[in-house]
Amino acid sequence: MNSAPLPERASVVIIGGGVMGTSAAFHLAEAGVDVVLLERDQLGSGSTSRSAGGVRAQFSDALNIQMAQRSLEAFRAFDRRPGWEIDLKQVGYLFVLSREADVAAFTASVAVQNEHGVPSRMLSQAELRRLCPIVAGEDILAGAFSPDDGHATPEAVVQGYAAGARALGARLRVGCEALEIETSGGEITGVVTSHGTITTGIVICTAGAWSGRCGEMVGVTLPVVPLRRQILFTEPMPRLPERLPMTIDFATSFYFHREGPGLLVGMSDPDEQPGFSTATSDGWIPALIEIASRRAPVIADVGIRGGWAGLYEVTPDNNAIIGEVRNVSRFLYAAGFSGHGFLQGPAVGEILRDLVLERPPFVDVSPLSVDRFDSAMLRPEFNVV
Ligand SMILES: Cc1cc2nc3c(=O)[nH]c(=O)nc-3n(C[C@H](O)[C@H](O)[C@H](O)COP(=O)(O)OP(=O)(O)OC[C@H]3O[C@@H](n4cnc5c(N)ncnc54)[C@H](O)[C@@H]3O)c2cc1C
């Protein structure tokens, strides 16, 4: 918990200490901005530490591809900036496709990815099985694969950004909840917290699945819905290939990657209802075993060592909301990553820094503004499970 008192003032206050908040704090501190981050629990204790850690640039939306490319570069250089080991495994990311419509959609996405320098490609069934020998099923039509993708450890990324930000002068306060945002004449004047009030003119909401409440503090609707997802990890599997891509059966959302001597396994539960509970339950296990026995039978037979649940932060078009609101100055937000936020963390922290400094980010994120939901300019991302 905190020993340091709450600062009286800051140029920027960040609400939420997951990958987005800590990345923003690091990038702002690096640019010389006086920043305070508030996390009501522990750093990374929200969705970030519950993530499967998959990192990839295989998206359908060119904006997501560019942000993911930027993030992958940052992950590769993370041991130098901010200077932290994140256990990045560039084993590739493999989508297994068993529906004609998905093959067509992924073929189109791969073309867009290639235009942006992503070395992704479509695979035949035989190539796919060579890359991931534990995959099975005569119904497989094709795969999509990029060798630069893979997985990393989310908590390490948070700790790395937090340590880097602190070293550059940022003040990170855990166990400190933002309760209200004070305004006067349409301008933000401060943030009321569980430990007192901080005077500030700029707030960034990186409150993950809880961002809706954060938006309400300034009268803004941030349409982010919490949806529980569960993950299991298996007993050691001695005959597992040393190098396995992160593999996703796109039709069912069943996925797995190597985790130490076993596998980390997940799948969405189509019966899951929106809510903030992160209690684990067994209701989804029969469906998981049924799909695993068809798609990767060795997984259906192995023992389960443990697991956890976390929250996806879902928007109506499965794409992030990033921007600054117009009705109150200056309130910025980055939320609703709909299951791909961990990998976007480095790029989004950099973008938030530039939005705060009112200079153009490396990519124009205005299409991701929350205003798109009023203007029907939705921006659906297809490659999410
Ligand atoms: C099971 C699962 C698997 C996933 N797998 C992947 C994956 O493979 N790859 C990938 O890229 N993404 C994945 N994700 C998604 C990813 O975890 C999220 O998109 C990402 O972590 C969001 O980061 P964040 O910083 O926005 O939110 P969070 O990590 O949730 O951080 C928000 C923080 O805000 C704090 N907070 C909220 N309200 C307040 C307040 N009022 N005051 C102070 N603090 C507050 C919370 O305590 C929380 O710590 C997965 C998610 C789940 C649940």
# chains A, B, ... in the order shown; residues from 1 in each chain; ligands from 1
call {"tool": "residues_around", "arguments": {"residues": "stretch 122-129 of chain A", "least_positions_apart": "4", "cutoff": "12 Å", "atoms": "only C-alpha atoms", "output": "PyMOL selection string"}}
result
chain A and resi 58+92-98+102-111+113-114+133-147+244-245+247-249+295-296
call {"tool": "residues_near_ligand", "arguments": {"ligand": "ligand 1", "cutoff": "7 Å", "atoms": "only C-alpha atoms and all ligand atoms", "output": "PyMOL selection string"}}
result
chain A and resi 15-21+38-55+176-179+206-211+214+228-231+309-313+334-335+337-344
call {"tool": "select_by_dssp", "arguments": {"residues": "stretch 5-93 of chain A", "states": "alpha helix (DSSP H)", "output": "MDAnalysis selection string"}}
result
chainID A and resid 19:30 62:76
call {"tool": "write_last_selection", "arguments": {"atoms": "C-alpha atoms", "output": "mmCIF file, in the first residue's frame"}}
result
data_model
loop_
_atom_site.group_PDB
_atom_site.id
_atom_site.type_symbol
_atom_site.label_atom_id
_atom_site.label_comp_id
_atom_site.auth_asym_id
_atom_site.auth_seq_id
_atom_site.Cartn_x
_atom_site.Cartn_y
_atom_site.Cartn_z
ATOM 1 C CA VAL A 19 -1.303 -1.635 -18.979
ATOM 2 C CA MET A 20 -2.945 1.486 -20.443
ATOM 3 C CA GLY A 21 -2.514 3.682 -17.379
ATOM 4 C CA THR A 22 1.057 2.670 -16.609
ATOM 5 C CA SER A 23 2.077 2.968 -20.269
ATOM 6 C CA ALA A 24 0.541 6.450 -20.437
ATOM 7 C CA ALA A 25 2.302 7.408 -17.179
ATOM 8 C CA PHE A 26 5.632 6.211 -18.554
ATOM 9 C CA HIS A 27 5.290 8.017 -21.875
ATOM 10 C CA LEU A 28 4.117 11.252 -20.233
ATOM 11 C CA ALA A 29 6.847 11.191 -17.600
ATOM 12 C CA GLU A 30 9.405 10.553 -20.320
ATOM 13 C CA ALA A 62 -5.791 -0.853 -40.471
ATOM 14 C CA LEU A 63 -5.703 1.312 -37.339
ATOM 15 C CA ASN A 64 -5.446 -1.714 -35.075
ATOM 16 C CA ILE A 65 -2.759 -3.179 -37.332
ATOM 17 C CA GLN A 66 -0.688 0.012 -37.093
ATOM 18 C CA MET A 67 -1.097 0.309 -33.324
ATOM 19 C CA ALA A 68 -0.246 -3.367 -32.882
ATOM 20 C CA GLN A 69 2.852 -3.049 -35.089
ATOM 21 C CA ARG A 70 4.004 -0.118 -32.981
ATOM 22 C CA SER A 71 3.372 -2.108 -29.804
ATOM 23 C CA LEU A 72 5.238 -5.172 -31.090
ATOM 24 C CA GLU A 73 8.259 -2.946 -31.773
ATOM 25 C CA ALA A 74 8.020 -1.611 -28.221
ATOM 26 C CA PHE A 75 7.718 -5.119 -26.735
ATOM 27 C CA ARG A 76 10.817 -6.227 -28.653
#
call {"tool": "closest_residue", "arguments": {"among": "A:Val12, A:Leu6, A:Leu352, A:Val33", "to": "A:Leu168", "atoms": "only C-alpha atoms"}}
result
A:Val33
call {"tool": "closest_residue", "arguments": {"among": "A:Asp79, A:Asp364, A:Asp61, A:Glu187", "to": "A:Asn383", "atoms": "only C-alpha atoms"}}
result
A:Asp61
call {"tool": "atom_distance", "arguments": {"atom1": "atom CA of A:Gly323", "atom2": "atom CA of A:Ser369"}}
result
5.1 Å
call {"tool": "atom_distance", "arguments": {"atom1": "atom CA of A:Arg239", "atom2": "atom CA of A:Glu259"}}
result
13.9 Å
